[in-house]
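Shown below: upload.pdb, with PDB, C-alpha atoms and all ligand atoms.
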```
ATOM      1  CA  MET G   1      46.504  90.889 111.738
ATOM      2  CA  ALA G   2      48.537  94.004 110.975
ATOM      3  CA  LEU G   3      49.916  95.996 113.920
ATOM      4  CA  LEU G   4      48.472  99.240 112.532
ATOM      5  CA  GLU G   5      45.779  99.700 109.895
ATOM      6  CA  VAL G   6      45.068 103.081 108.355
ATOM      7  CA  ASN G   7      41.883 103.192 106.336
ATOM      8  CA  ARG G   8      40.766 105.956 103.954
ATOM      9  CA  LEU G   9      42.299 108.727 106.042
ATOM     10  CA  HIS G  10      41.495 112.350 105.205
ATOM     11  CA  LYS G  11      42.866 115.513 106.794
ATOM     12  CA  SER G  12      42.585 119.029 105.409
ATOM     13  CA  PHE G  13      43.834 122.369 106.709
ATOM     14  CA  GLY G  14      41.477 124.950 105.207
ATOM     15  CA  GLY G  15      41.726 124.368 101.469
ATOM     16  CA  ILE G  16      44.860 122.176 101.700
ATOM     17  CA  ARG G  17      44.309 118.447 101.510
ATOM     18  CA  ALA G  18      47.248 117.307 103.622
ATOM     19  CA  VAL G  19      46.135 113.651 103.677
ATOM     20  CA  ASN G  20      43.848 112.404 100.946
ATOM     21  CA  ASP G  21      42.127 109.002 101.122
ATOM     22  CA  LEU G  22      45.198 107.207 102.448
ATOM     23  CA  THR G  23      45.041 103.476 103.163
ATOM     24  CA  PHE G  24      47.926 101.282 104.302
ATOM     25  CA  SER G  25      48.974  98.927 107.044
ATOM     26  CA  ILE G  26      52.103  98.261 109.089
ATOM     27  CA  GLU G  27      53.084  94.728 109.958
ATOM     28  CA  GLN G  28      54.447  93.786 113.365
ATOM     29  CA  GLY G  29      58.266  93.975 113.364
ATOM     30  CA  GLU G  30      58.794  95.635 109.992
ATOM     31  CA  ILE G  31      60.561  98.831 108.975
ATOM     32  CA  LEU G  32      58.174 100.761 106.751
ATOM     33  CA  GLY G  33      59.321 103.909 104.949
ATOM     34  CA  LEU G  34      57.129 106.908 104.097
ATOM     35  CA  ILE G  35      58.550 109.252 101.474
ATOM     36  CA  GLY G  36      57.319 112.061  99.263
ATOM     37  CA  PRO G  37      58.062 115.692  98.343
ATOM     38  CA  ASN G  38      58.045 118.549 100.863
ATOM     39  CA  GLY G  39      54.483 119.254 101.936
ATOM     40  CA  ALA G  40      53.252 115.838 100.759
ATOM     41  CA  GLY G  41      51.581 115.183 104.115
ATOM     42  CA  LYS G  42      54.065 112.814 105.793
ATOM     43  CA  THR G  43      54.257 114.603 109.136
ATOM     44  CA  THR G  44      50.487 115.044 109.122
ATOM     45  CA  VAL G  45      50.098 111.259 108.786
ATOM     46  CA  PHE G  46      52.308 110.903 111.871
ATOM     47  CA  GLU G  47      50.353 113.607 113.718
ATOM     48  CA  VAL G  48      47.103 111.758 113.114
ATOM     49  CA  ILE G  49      48.418 108.297 114.036
ATOM     50  CA  SER G  50      49.996 109.612 117.241
ATOM     51  CA  GLY G  51      46.877 111.553 118.271
ATOM     52  CA  PHE G  52      48.332 115.069 117.935
ATOM     53  CA  THR G  53      45.570 115.924 115.502
ATOM     54  CA  SER G  54      42.339 114.186 114.563
ATOM     55  CA  PRO G  55      41.480 113.139 111.021
ATOM     56  CA  ASP G  56      38.474 114.603 109.180
ATOM     57  CA  SER G  57      37.457 111.047 108.368
ATOM     58  CA  GLY G  58      38.895 107.570 108.135
ATOM     59  CA  GLY G  59      40.049 104.936 110.565
ATOM     60  CA  VAL G  60      43.208 103.994 112.411
ATOM     61  CA  LYS G  61      43.382 100.662 114.229
ATOM     62  CA  LEU G  62      46.102  99.347 116.508
ATOM     63  CA  ASN G  63      45.969  95.561 116.906
ATOM     64  CA  GLY G  64      42.414  95.701 115.542
ATOM     65  CA  HIS G  65      41.197  98.363 118.021
ATOM     66  CA  ASP G  66      40.007 101.739 116.813
ATOM     67  CA  ILE G  67      42.334 104.466 118.171
ATOM     68  CA  VAL G  68      40.976 107.579 116.439
ATOM     69  CA  GLY G  69      40.295 110.333 118.964
ATOM     70  CA  LEU G  70      42.649 108.974 121.624
ATOM     71  CA  LYS G  71      45.088 111.497 123.105
ATOM     72  CA  PRO G  72      48.866 111.205 122.562
ATOM     73  CA  TYR G  73      49.482 110.086 126.185
ATOM     74  CA  SER G  74      46.870 107.381 125.839
ATOM     75  CA  LEU G  75      48.380 106.183 122.537
ATOM     76  CA  CYS G  76      51.796 106.267 124.160
ATOM     77  CA  GLU G  77      50.480 103.934 126.882
ATOM     78  CA  ARG G  78      49.284 101.623 124.114
ATOM     79  CA  GLY G  79      52.741 101.606 122.524
ATOM     80  CA  ILE G  80      52.736 104.311 119.830
ATOM     81  CA  CYS G  81      55.436 106.942 120.123
ATOM     82  CA  ARG G  82      56.548 109.593 117.614
ATOM     83  CA  THR G  83      59.652 111.734 117.291
ATOM     84  CA  PHE G  84      59.427 115.367 116.210
ATOM     85  CA  GLN G  85      60.751 116.614 112.870
ATOM     86  CA  LEU G  86      62.132 119.629 114.733
ATOM     87  CA  ALA G  87      63.767 117.917 117.716
ATOM     88  CA  LYS G  88      61.935 118.855 120.916
ATOM     89  CA  PRO G  89      63.999 117.914 123.954
ATOM     90  CA  PHE G  90      63.417 119.508 127.361
ATOM     91  CA  LEU G  91      66.239 121.972 126.750
ATOM     92  CA  ASN G  92      67.196 122.759 130.339
ATOM     93  CA  LEU G  93      67.125 119.138 131.506
ATOM     94  CA  THR G  94      70.085 116.829 131.118
ATOM     95  CA  VAL G  95      70.116 114.105 128.496
ATOM     96  CA  LEU G  96      69.514 111.484 131.198
ATOM     97  CA  GLU G  97      66.646 113.483 132.734
ATOM     98  CA  ASN G  98      65.044 113.803 129.279
ATOM     99  CA  VAL G  99      65.008 110.027 128.983
ATOM    100  CA  MET G 100      63.906 109.451 132.587
ATOM    101  CA  ILE G 101      60.663 111.350 131.984
ATOM    102  CA  GLY G 102      59.191 108.664 129.729
ATOM    103  CA  ILE G 103      60.100 105.976 132.245
ATOM    104  CA  LEU G 104      58.691 107.925 135.209
ATOM    105  CA  ALA G 105      55.496 108.404 133.188
ATOM    106  CA  LYS G 106      55.151 104.607 133.192
ATOM    107  CA  GLY G 107      54.957 104.782 136.999
ATOM    108  CA  GLU G 108      58.505 103.591 137.694
ATOM    109  CA  PRO G 109      60.401 104.964 140.750
ATOM    110  CA  VAL G 110      63.270 107.430 140.236
ATOM    111  CA  LYS G 111      65.961 104.806 140.910
ATOM    112  CA  THR G 112      64.588 102.498 138.202
ATOM    113  CA  ALA G 113      64.135 105.444 135.828
ATOM    114  CA  LYS G 114      67.821 106.308 136.266
ATOM    115  CA  GLU G 115      68.941 102.719 135.670
ATOM    116  CA  LYS G 116      66.727 102.207 132.639
ATOM    117  CA  GLY G 117      67.584 105.679 131.334
ATOM    118  CA  ASN G 118      71.289 104.862 131.492
ATOM    119  CA  GLU G 119      70.665 101.565 129.672
ATOM    120  CA  ILE G 120      68.835 103.368 126.859
ATOM    121  CA  LEU G 121      71.596 105.972 126.550
ATOM    122  CA  LYS G 122      74.203 103.209 126.394
ATOM    123  CA  PHE G 123      72.172 101.401 123.725
ATOM    124  CA  LEU G 124      72.107 104.577 121.603
ATOM    125  CA  ASN G 125      75.759 105.517 122.267
ATOM    126  CA  LEU G 126      74.669 108.632 124.169
ATOM    127  CA  LEU G 127      76.015 107.761 127.603
ATOM    128  CA  ASP G 128      78.954 110.202 127.372
ATOM    129  CA  PHE G 129      76.438 113.059 127.159
ATOM    130  CA  LYS G 130      74.125 111.998 129.979
ATOM    131  CA  ASP G 131      74.864 114.947 132.298
ATOM    132  CA  ILE G 132      74.833 117.604 129.593
ATOM    133  CA  GLN G 133      71.805 119.876 129.257
ATOM    134  CA  ALA G 134      69.970 118.993 126.056
ATOM    135  CA  LYS G 135      70.298 122.568 124.754
ATOM    136  CA  PHE G 136      74.054 122.068 124.345
ATOM    137  CA  LEU G 137      73.746 119.022 122.050
ATOM    138  CA  THR G 138      74.490 119.296 118.341
ATOM    139  CA  ILE G 139      71.537 118.747 116.019
ATOM    140  CA  GLY G 140      72.753 115.195 115.338
ATOM    141  CA  TYR G 141      72.695 114.271 119.002
ATOM    142  CA  LYS G 142      69.411 116.128 119.568
ATOM    143  CA  ARG G 143      67.897 113.886 116.904
ATOM    144  CA  ARG G 144      69.358 110.829 118.572
ATOM    145  CA  LEU G 145      67.899 112.011 121.886
ATOM    146  CA  GLU G 146      64.489 112.061 120.159
ATOM    147  CA  LEU G 147      64.942 108.325 119.591
ATOM    148  CA  ALA G 148      66.091 107.809 123.180
ATOM    149  CA  LYS G 149      63.002 109.651 124.462
ATOM    150  CA  ALA G 150      60.826 107.476 122.240
ATOM    151  CA  LEU G 151      62.449 104.292 123.567
ATOM    152  CA  SER G 152      61.939 105.450 127.147
ATOM    153  CA  THR G 153      58.203 104.902 126.726
ATOM    154  CA  GLN G 154      58.699 101.202 125.868
ATOM    155  CA  PRO G 155      57.007 101.548 122.479
ATOM    156  CA  LYS G 156      55.745  98.853 120.138
ATOM    157  CA  LEU G 157      55.719 101.277 117.205
ATOM    158  CA  VAL G 158      58.007 104.278 116.729
ATOM    159  CA  LEU G 159      57.142 106.941 114.165
ATOM    160  CA  ALA G 160      60.511 108.490 113.287
ATOM    161  CA  ASP G 161      60.193 111.824 111.454
ATOM    162  CA  GLU G 162      63.393 112.750 109.599
ATOM    163  CA  VAL G 163      65.752 111.647 112.356
ATOM    164  CA  MET G 164      68.628 111.776 109.845
ATOM    165  CA  SER G 165      68.032 115.237 108.416
ATOM    166  CA  GLY G 166      70.962 117.639 108.757
ATOM    167  CA  LEU G 167      73.405 114.862 109.696
ATOM    168  CA  ASN G 168      76.739 114.208 108.004
ATOM    169  CA  GLU G 169      77.307 110.912 106.200
ATOM    170  CA  LYS G 170      78.963 109.233 109.208
ATOM    171  CA  GLU G 171      76.088 110.294 111.481
ATOM    172  CA  VAL G 172      73.571 109.025 108.909
ATOM    173  CA  MET G 173      75.314 105.623 108.901
ATOM    174  CA  ASP G 174      75.360 105.568 112.726
ATOM    175  CA  THR G 175      71.661 106.416 112.866
ATOM    176  CA  MET G 176      70.858 103.686 110.358
ATOM    177  CA  ASP G 177      72.682 101.186 112.580
ATOM    178  CA  ILE G 178      70.794 102.459 115.608
ATOM    179  CA  LEU G 179      67.428 102.161 113.851
ATOM    180  CA  LYS G 180      68.305  98.583 112.838
ATOM    181  CA  LYS G 181      69.276  97.808 116.436
ATOM    182  CA  ILE G 182      65.979  99.243 117.699
ATOM    183  CA  ASN G 183      64.093  97.146 115.155
ATOM    184  CA  GLY G 184      66.173  94.129 116.231
ATOM    185  CA  ARG G 185      64.556  94.485 119.658
ATOM    186  CA  GLY G 186      61.189  93.778 118.057
ATOM    187  CA  ILE G 187      60.091  97.417 117.783
ATOM    188  CA  THR G 188      58.220  98.237 114.601
ATOM    189  CA  LEU G 189      59.468 101.348 112.796
ATOM    190  CA  PHE G 190      57.596 103.756 110.541
ATOM    191  CA  VAL G 191      60.218 106.096 109.117
ATOM    192  CA  VAL G 192      59.856 109.373 107.212
ATOM    193  CA  GLU G 193      63.074 110.384 105.510
ATOM    194  CA  HIS G 194      64.359 112.531 102.644
ATOM    195  CA  ILE G 195      67.814 110.914 102.695
ATOM    196  CA  LEU G 196      66.916 108.446  99.998
ATOM    197  CA  HIS G 197      69.883 106.095  99.996
ATOM    198  CA  ALA G 198      69.334 105.651 103.754
ATOM    199  CA  ILE G 199      65.616 104.939 103.675
ATOM    200  CA  MET G 200      65.976 102.667 100.657
ATOM    201  CA  ALA G 201      68.651 100.636 102.456
ATOM    202  CA  LEU G 202      66.750 100.540 105.730
ATOM    203  CA  ALA G 203      63.112  99.939 104.839
ATOM    204  CA  GLU G 204      61.691  96.610 103.760
ATOM    205  CA  ARG G 205      58.724  98.372 102.201
ATOM    206  CA  VAL G 206      58.139 101.985 101.178
ATOM    207  CA  ILE G 207      54.974 104.036 100.715
ATOM    208  CA  VAL G 208      55.151 107.147  98.535
ATOM    209  CA  ILE G 209      52.689 109.995  98.929
ATOM    210  CA  ASN G 210      52.188 113.145  96.913
ATOM    211  CA  HIS G 211      49.619 115.856  97.736
ATOM    212  CA  GLY G 212      48.447 113.617 100.589
ATOM    213  CA  ALA G 213      47.590 110.630  98.387
ATOM    214  CA  LYS G 214      49.429 107.354  97.945
ATOM    215  CA  ILE G 215      51.060 107.070  94.540
ATOM    216  CA  ALA G 216      53.074 103.889  95.114
ATOM    217  CA  GLU G 217      53.841 101.153  97.595
ATOM    218  CA  GLY G 218      56.456  98.416  97.292
ATOM    219  CA  THR G 219      59.987  97.284  97.970
ATOM    220  CA  PRO G 220      62.745  99.895  97.612
ATOM    221  CA  ALA G 221      63.733  98.279  94.288
ATOM    222  CA  GLU G 222      60.145  98.542  92.972
ATOM    223  CA  ILE G 223      59.773 102.124  94.197
ATOM    224  CA  SER G 224      63.058 103.247  92.648
ATOM    225  CA  ARG G 225      61.935 102.262  89.140
ATOM    226  CA  ASN G 226      58.314 103.397  89.459
ATOM    227  CA  GLU G 227      57.706 106.085  86.806
ATOM    228  CA  ARG G 228      55.135 108.011  88.873
ATOM    229  CA  VAL G 229      57.549 108.172  91.798
ATOM    230  CA  ILE G 230      60.459 109.184  89.579
ATOM    231  CA  THR G 231      58.402 112.023  88.113
ATOM    232  CA  ALA G 232      56.901 113.229  91.411
ATOM    233  CA  TYR G 233      59.875 112.864  93.698
ATOM    234  CA  LEU G 234      62.944 110.708  93.045
ATOM    235  CA  GLY G 235      64.115 112.088  89.720
ATOM    236  CA  ARG G 236      65.805 110.036  87.015
ATOM    237  CA  GLY G 237      69.301 110.501  88.526
ATOM    238  CA  PHE G 238      68.508 108.766  91.810
ATOM    239  CA  SER G 239      66.624 106.000  90.059
ATOM    240  CA  ASP G 240      69.576 105.230  87.744
ATOM    241  CA  ARG G 241      72.100 105.343  90.605
ATOM    242  CA  PHE G 242      69.907 103.028  92.717
ATOM    243  CA  GLN G 243      69.572 100.502  89.868
ATOM    244  CA  ASP G 244      73.381 100.572  89.400
ATOM    245  CA  LEU G 245      73.948 100.038  93.128
ATOM    246  CA  SER G 246      71.461  97.131  93.183
ATOM    247  CA  LYS G 247      73.277  95.525  90.209
ATOM    248  CA  GLU G 248      76.641  95.902  91.991
ATOM    249  CA  LYS G 249      75.217  94.183  95.073
ATOM    250  CA  ARG G 250      74.008  91.191  93.029
TER     251      ARG G 250
HETATM  252  N1  LIG W 301      48.822 122.830 111.314
HETATM  253  C1  LIG W 301      48.738 123.131 110.013
HETATM  254  N2  LIG W 301      47.987 124.163 109.585
HETATM  255  C2  LIG W 301      47.887 124.461 108.265
HETATM  256  N3  LIG W 301      48.486 123.763 107.279
HETATM  257  C3  LIG W 301      49.243 122.725 107.656
HETATM  258  C4  LIG W 301      49.411 122.350 109.036
HETATM  259  N4  LIG W 301      50.220 121.256 109.080
HETATM  260  C5  LIG W 301      50.533 120.982 107.820
HETATM  261  N5  LIG W 301      49.956 121.849 106.970
HETATM  262  C6  LIG W 301      50.058 121.800 105.481
HETATM  263  O1  LIG W 301      49.731 120.479 105.092
HETATM  264  C7  LIG W 301      50.569 120.067 104.036
HETATM  265  C8  LIG W 301      51.329 118.831 104.463
HETATM  266  O2  LIG W 301      52.284 119.191 105.441
HETATM  267  P1  LIG W 301      53.237 118.150 106.156
HETATM  268  O3  LIG W 301      54.010 118.896 107.178
HETATM  269  O4  LIG W 301      52.444 116.997 106.624
HETATM  270  O5  LIG W 301      54.179 117.698 104.945
HETATM  271  P2  LIG W 301      55.504 116.834 104.933
HETATM  272  O6  LIG W 301      55.320 115.790 103.891
HETATM  273  O7  LIG W 301      55.826 116.383 106.318
HETATM  274  O8  LIG W 301      56.592 117.878 104.419
HETATM  275  P3  LIG W 301      58.174 117.992 104.741
HETATM  276  O9  LIG W 301      58.854 116.940 103.911
HETATM  277  O10 LIG W 301      58.521 119.364 104.282
HETATM  278  O11 LIG W 301      58.361 117.798 106.217
HETATM  279  C9  LIG W 301      51.475 121.244 103.708
HETATM  280  O12 LIG W 301      50.885 121.956 102.643
HETATM  281  C10 LIG W 301      51.469 122.046 104.992
HETATM  282  O13 LIG W 301      51.702 123.418 104.728
HETATM  283 MG    MG W 302      57.396 116.684 107.601
END
```
Is it possible to express this structure as structure tokens?
Amino acid sequence: MALLEVNRLHKSFGGIRAVNDLTFSIEQGEILGLIGPNGAGKTTVFEVISGFTSPDSGGVKLNGHDIVGLKPYSLCERGICRTFQLAKPFLNLTVLENVMIGILAKGEPVKTAKEKGNEILKFLNLLDFKDIQAKFLTIGYKRRLELAKALSTQPKLVLADEVMSGLNEKEVMDTMDILKKINGRGITLFVVEHILHAIMALAERVIVINHGAKIAEGTPAEISRNERVITAYLGRGFSDRFQDLSKEKR
């Protein structure tokens, strides 16, 4: 059974169909990519799965159980955690305190929350910043703190919304390594990203949406030569470069 099944999901805002008849599933342990042009509906898909908004119709099942209508905190208890496209740390709390909150919410005492919080920060190479108020972090580290906050809730599935946007190439590489390490711990990742070379290298499978509807699904290699995807989003230049890179690797 798939970890998460999304079935014929619809969500409109007034006249805008943000998500249109979307069906897909996420397998336990995989890294699944979700890409598409600006306004395609990617964040809305995350909002629905994580309970921040309800769909107009359609189903979402976690381990076979219907989760539509459950609140974010309840979904978090069941193992679904999302990051925010615009990083949302508690600005006046320290980096460690930001991470402790998710652990305290699991009912752990303060001492344990501190220990586990430090472990998570070490795992994400954030330990040097633990006593700094989150508002003083650069955007790159704020995005990494989003991942640390997600991990603090002991998730099964993390929905990562553009955690690499605005980062320089070195930071993108570091974040890719971190995402692989998180996945190596058995945590399933659903990743929205516009940095194409990163998502194509990271994801085992990619779903492409446009105007809320799925236009393709497949391996990065399949997606990169899909004509509909090239026309709607990738462009011929990326597709050619990706094919060249794949040939070099072979
Ligand atoms: N709360 C809202 N109220 C009204 N319209 C919304 C709301 N949220 C999203 N939309 C609209 O729904 C569509 C999909 O938006 P969404 O943010 O999901 O796209 P996206 O694929 O995440 O885009 P981006 O790549 O720019 O982050 C857009 O047209 C957006 O303007
Ligand atoms: Mg978005």
Spatial neighbours of range 14-20 of chain G, max dist 10 Å, all atoms listed in the file, sep filter under 5 positions, as a PyMOL selection string = chain G and resi 8-9+39-45+48+55-58+209-214
Around range 99-102 of chain G, fit a box with edges along x, y and z, padding it by 3 Å on each side, then list its centre and edge lengths in Å to one decimal as JSON.
```
{"center_x": 62.1, "center_y": 110.0, "center_z": 130.8, "size_x": 11.8, "size_y": 8.7, "size_z": 9.6}
```
Mind pulling up the distance from CA of Gly235 in chain G to atom C6 of ligand LIG 301 (chain W)?
->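 A separation of 23.2 Å between them.
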Please write as a PyMOL selection string the full residue list that the PyMOL selection byres (((chain G and resi 171-177) around 10) and not hetatm) yields on this file.
-> chain G and resi 124-125+140-141+143-144+147+163-170+178-183+195+198-199+201-202
If the PyMOL selection byres (((chain G and resi 82) around 8) and not hetatm) is run on the structure shown, which residues does it catch, given as a PyMOL selection string?
-> chain G and resi 46+50+80-81+83-84+150+158-161
Correct to one decimal, the distance CA of Phe52 in chain G-atom O13 of ligand LIG 301 (chain W) is 16.0 Å
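Counting all atoms listed in the file, the residue from G:Ser25, G:Asn92, G:Thr188, G:Leu32 that sits nearest to Val206 in chain G is G:Leu32.
You will find CA of Lys116 in chain G at 8.0 Å from CA of Ser152 in chain G.
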For range 140-168 of chain G, supply N, CA and C atoms and format the output as a PDB file, in the coordinates of the input.
```pdb
ATOM      1  N   GLY G 140      72.682 116.649 115.511  1.00  0.00           N
ATOM      2  CA  GLY G 140      72.753 115.195 115.338  1.00  0.00           C
ATOM      3  C   GLY G 140      72.408 114.465 116.624  1.00  0.00           C
ATOM      4  N   TYR G 141      72.963 114.934 117.723  1.00  0.00           N
ATOM      5  CA  TYR G 141      72.695 114.271 119.002  1.00  0.00           C
ATOM      6  C   TYR G 141      71.295 114.606 119.521  1.00  0.00           C
ATOM      7  N   LYS G 142      70.807 115.822 119.188  1.00  0.00           N
ATOM      8  CA  LYS G 142      69.411 116.128 119.568  1.00  0.00           C
ATOM      9  C   LYS G 142      68.466 115.140 118.893  1.00  0.00           C
ATOM     10  N   ARG G 143      68.763 114.833 117.628  1.00  0.00           N
ATOM     11  CA  ARG G 143      67.897 113.886 116.904  1.00  0.00           C
ATOM     12  C   ARG G 143      68.007 112.493 117.514  1.00  0.00           C
ATOM     13  N   ARG G 144      69.220 112.142 117.956  1.00  0.00           N
ATOM     14  CA  ARG G 144      69.358 110.829 118.572  1.00  0.00           C
ATOM     15  C   ARG G 144      68.630 110.789 119.917  1.00  0.00           C
ATOM     16  N   LEU G 145      68.639 111.936 120.614  1.00  0.00           N
ATOM     17  CA  LEU G 145      67.899 112.011 121.886  1.00  0.00           C
ATOM     18  C   LEU G 145      66.399 111.829 121.645  1.00  0.00           C
ATOM     19  N   GLU G 146      65.904 112.299 120.497  1.00  0.00           N
ATOM     20  CA  GLU G 146      64.489 112.061 120.159  1.00  0.00           C
ATOM     21  C   GLU G 146      64.196 110.556 120.174  1.00  0.00           C
ATOM     22  N   LEU G 147      65.119 109.786 119.611  1.00  0.00           N
ATOM     23  CA  LEU G 147      64.942 108.325 119.591  1.00  0.00           C
ATOM     24  C   LEU G 147      65.024 107.753 121.006  1.00  0.00           C
ATOM     25  N   ALA G 148      65.959 108.292 121.799  1.00  0.00           N
ATOM     26  CA  ALA G 148      66.091 107.809 123.180  1.00  0.00           C
ATOM     27  C   ALA G 148      64.812 108.094 123.967  1.00  0.00           C
ATOM     28  N   LYS G 149      64.260 109.301 123.773  1.00  0.00           N
ATOM     29  CA  LYS G 149      63.002 109.651 124.462  1.00  0.00           C
ATOM     30  C   LYS G 149      61.886 108.709 124.034  1.00  0.00           C
ATOM     31  N   ALA G 150      61.865 108.404 122.738  1.00  0.00           N
ATOM     32  CA  ALA G 150      60.826 107.476 122.240  1.00  0.00           C
ATOM     33  C   ALA G 150      60.987 106.113 122.906  1.00  0.00           C
ATOM     34  N   LEU G 151      62.216 105.615 122.969  1.00  0.00           N
ATOM     35  CA  LEU G 151      62.449 104.292 123.567  1.00  0.00           C
ATOM     36  C   LEU G 151      62.087 104.257 125.047  1.00  0.00           C
ATOM     37  N   SER G 152      62.213 105.413 125.708  1.00  0.00           N
ATOM     38  CA  SER G 152      61.939 105.450 127.147  1.00  0.00           C
ATOM     39  C   SER G 152      60.491 105.103 127.454  1.00  0.00           C
ATOM     40  N   THR G 153      59.627 105.191 126.479  1.00  0.00           N
ATOM     41  CA  THR G 153      58.203 104.902 126.726  1.00  0.00           C
ATOM     42  C   THR G 153      57.861 103.436 126.440  1.00  0.00           C
ATOM     43  N   GLN G 154      58.884 102.629 126.192  1.00  0.00           N
ATOM     44  CA  GLN G 154      58.699 101.202 125.868  1.00  0.00           C
ATOM     45  C   GLN G 154      57.690 101.002 124.726  1.00  0.00           C
ATOM     46  N   PRO G 155      57.987 101.590 123.579  1.00  0.00           N
ATOM     47  CA  PRO G 155      57.007 101.548 122.479  1.00  0.00           C
ATOM     48  C   PRO G 155      56.977 100.213 121.739  1.00  0.00           C
ATOM     49  N   LYS G 156      55.845  99.967 121.089  1.00  0.00           N
ATOM     50  CA  LYS G 156      55.745  98.853 120.138  1.00  0.00           C
ATOM     51  C   LYS G 156      56.032  99.381 118.735  1.00  0.00           C
ATOM     52  N   LEU G 157      55.599 100.639 118.518  1.00  0.00           N
ATOM     53  CA  LEU G 157      55.719 101.277 117.205  1.00  0.00           C
ATOM     54  C   LEU G 157      56.305 102.675 117.380  1.00  0.00           C
ATOM     55  N   VAL G 158      57.412 102.932 116.694  1.00  0.00           N
ATOM     56  CA  VAL G 158      58.007 104.278 116.729  1.00  0.00           C
ATOM     57  C   VAL G 158      57.823 104.934 115.361  1.00  0.00           C
ATOM     58  N   LEU G 159      57.283 106.142 115.382  1.00  0.00           N
ATOM     59  CA  LEU G 159      57.142 106.941 114.165  1.00  0.00           C
ATOM     60  C   LEU G 159      58.310 107.917 114.159  1.00  0.00           C
ATOM     61  N   ALA G 160      59.275 107.686 113.280  1.00  0.00           N
ATOM     62  CA  ALA G 160      60.511 108.490 113.287  1.00  0.00           C
ATOM     63  C   ALA G 160      60.466 109.482 112.132  1.00  0.00           C
ATOM     64  N   ASP G 161      60.375 110.786 112.476  1.00  0.00           N
ATOM     65  CA  ASP G 161      60.193 111.824 111.454  1.00  0.00           C
ATOM     66  C   ASP G 161      61.513 112.522 111.146  1.00  0.00           C
ATOM     67  N   GLU G 162      62.146 112.130 110.066  1.00  0.00           N
ATOM     68  CA  GLU G 162      63.393 112.750 109.599  1.00  0.00           C
ATOM     69  C   GLU G 162      64.477 112.792 110.674  1.00  0.00           C
ATOM     70  N   VAL G 163      64.724 111.657 111.309  1.00  0.00           N
ATOM     71  CA  VAL G 163      65.752 111.647 112.356  1.00  0.00           C
ATOM     72  C   VAL G 163      67.161 111.741 111.772  1.00  0.00           C
ATOM     73  N   MET G 164      67.287 111.668 110.446  1.00  0.00           N
ATOM     74  CA  MET G 164      68.628 111.776 109.845  1.00  0.00           C
ATOM     75  C   MET G 164      68.873 113.126 109.165  1.00  0.00           C
ATOM     76  N   SER G 165      67.865 113.996 109.179  1.00  0.00           N
ATOM     77  CA  SER G 165      68.032 115.237 108.416  1.00  0.00           C
ATOM     78  C   SER G 165      69.091 116.138 109.067  1.00  0.00           C
ATOM     79  N   GLY G 166      69.920 116.739 108.252  1.00  0.00           N
ATOM     80  CA  GLY G 166      70.962 117.639 108.757  1.00  0.00           C
ATOM     81  C   GLY G 166      72.189 116.922 109.289  1.00  0.00           C
ATOM     82  N   LEU G 167      72.245 115.591 109.182  1.00  0.00           N
ATOM     83  CA  LEU G 167      73.405 114.862 109.696  1.00  0.00           C
ATOM     84  C   LEU G 167      74.447 114.665 108.597  1.00  0.00           C
ATOM     85  N   ASN G 168      75.725 114.537 109.009  1.00  0.00           N
ATOM     86  CA  ASN G 168      76.739 114.208 108.004  1.00  0.00           C
ATOM     87  C   ASN G 168      76.678 112.714 107.694  1.00  0.00           C
TER      88      ASN G 168
END
```
